[in-house]
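J.: Before I ask anything, here is the structure I am working with.
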Amino acid sequence: MAAAAPGRPLAADFEALSYISSLVEAFQAFDSDSDGLVTAPELRGLLASLGLDKTEAEARDMLARADADRDGRLSVEELLDVMNAGELGLGALGAMLQSALPQLEAAGAALVGADELARVLGALGNASPEDCAAIVECLDSDGDGAITIEEFRQMADLL
């Protein structure tokens, strides 16, 4: 099994994965035109939903600092950078998810459940069925016990 960062329990990775998933979910909820980018007013609403009340000026300043490509809007990757998600040490988990992606796509899976993920990652020797159930639970935004292949791909790419 190769998911946890050295010296960290796998459960810590799942907590961090859940945090990142909630940030992505909040981002998508406040991306009012679904273009994959948020403006300063959208960012302010997003931060408020996370319990971080900011003024319009603070949201604009935060956006300006985080806006790596200087387009005046924030991408989900830029949001994760500003929220220090990169410091959570999930590179190994991201690599594990990336390793499963080709087989999941080749199988034509539209939805990925814990059993399907366990079949793929188990064959690769990367994760137990319990680990796979925890991954799906972290990423399952609607509570149906599965995630879309697009959501899986996005999270694998973000980690």
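In the structure tokens, chains take letters A, B, ... by order of appearance, with residues numbered from 1 within each chain and ligands from 1 in the order shown.
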Please return as a PyMOL selection string: the residues of region 68-142 of chain A that backbone DSSP assigns to helix (DSSP H, G or I).

T.: chain A and resi 76-82+85-88+91-106+114-124+129-139

J.: Need the shell around Val112 (chain A): protein/DNA/RNA residues with any atom at most 7 Å away, counting only C-alpha atoms. Skip same-chain ones fewer than 4 positions apart. Format as a compact mmCIF listing (two decimals) with N, CA and C atoms, in the first residue's frame?

T.:
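Below is the file result-v9.txt, written as the result:
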# COMPACT_ATOMS: atom_id res chain seq x y z
N GLU A 116 -15.34 -0.73 -7.41
CA GLU A 116 -14.60 -0.57 -8.67
C GLU A 116 -13.20 -0.02 -8.41
N LEU A 117 -13.11 0.97 -7.53
CA LEU A 117 -11.80 1.54 -7.20
C LEU A 117 -10.92 0.49 -6.52
N ALA A 146 -20.87 6.92 -4.93
CA ALA A 146 -20.03 6.88 -6.12
C ALA A 146 -19.67 8.29 -6.53
N ILE A 147 -18.62 8.40 -7.34
CA ILE A 147 -18.22 9.69 -7.89
C ILE A 147 -18.12 9.54 -9.40
N THR A 148 -18.32 10.64 -10.11
CA THR A 148 -18.21 10.56 -11.56
C THR A 148 -16.74 10.44 -11.93
N ILE A 149 -16.49 9.89 -13.10
CA ILE A 149 -15.12 9.76 -13.57
C ILE A 149 -14.49 11.15 -13.73

J.: Just the number, please: distance in Å from CA of Gly122 (chain A) to CA of Glu77 (chain A), one decimal.

T.: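 For CA of Gly122 (chain A) relative to CA of Glu77 (chain A), the distance reads 29.2 Å.
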
J.: Determine, counting only C-alpha atoms, which protein, DNA and RNA residues have an atom within 7 Å of an atom of region 13-15 of chain A; residues of the same chain fewer than 6 positions away are not included. Present the result as a list in words.

T.: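 Skipping anything fewer than 6 positions along the chain leaves Ala4, Leu90, Ala134, Ile135 and Cys138 of chain A.
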
J.: Got a sec: who's within 10 Å of region 28-36 of chain A, counting only C-alpha atoms, leaving out chain neighbours fewer than 2 positions off, as an MDAnalysis selection string?

T.: chainID A and resid 22:26 38:39 41:47 49 73:77

J.: List the spatial neighbours of Arg65 (chain A) as a ChimeraX atom specification - criterion: any atom at most 12 Å away, only C-alpha atoms, same-chain residues fewer than 4 positions off excluded.

T.: /A:40,58-61,69-74,78-79,81-83

J.: Set the distance at 7 Å and use only C-alpha atoms: which residues neighbour region 95-105 of chain A once local chain neighbours fewer than 5 positions away are removed? I'd like the list as a ChimeraX atom specification.

T.: /A:3,120-121,126,153,156

J.: Restricting the calculation to only C-alpha atoms, which member of A:Leu37, A:Ala106, A:Leu159, A:Ala123 is positioned closest to Leu63 (chain A)?

T.: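 Looking at the shortest contact to Leu63 (chain A), the residue is A:Leu37.
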
J.: Of the candidates A:Met155, A:Ala109, A:Asp67, A:Ala57, which one gets nearest to Ile20 (chain A) if we count only C-alpha atoms?

T.: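 Checking each candidate against Ile20 (chain A), we get A:Met155 as the closest.
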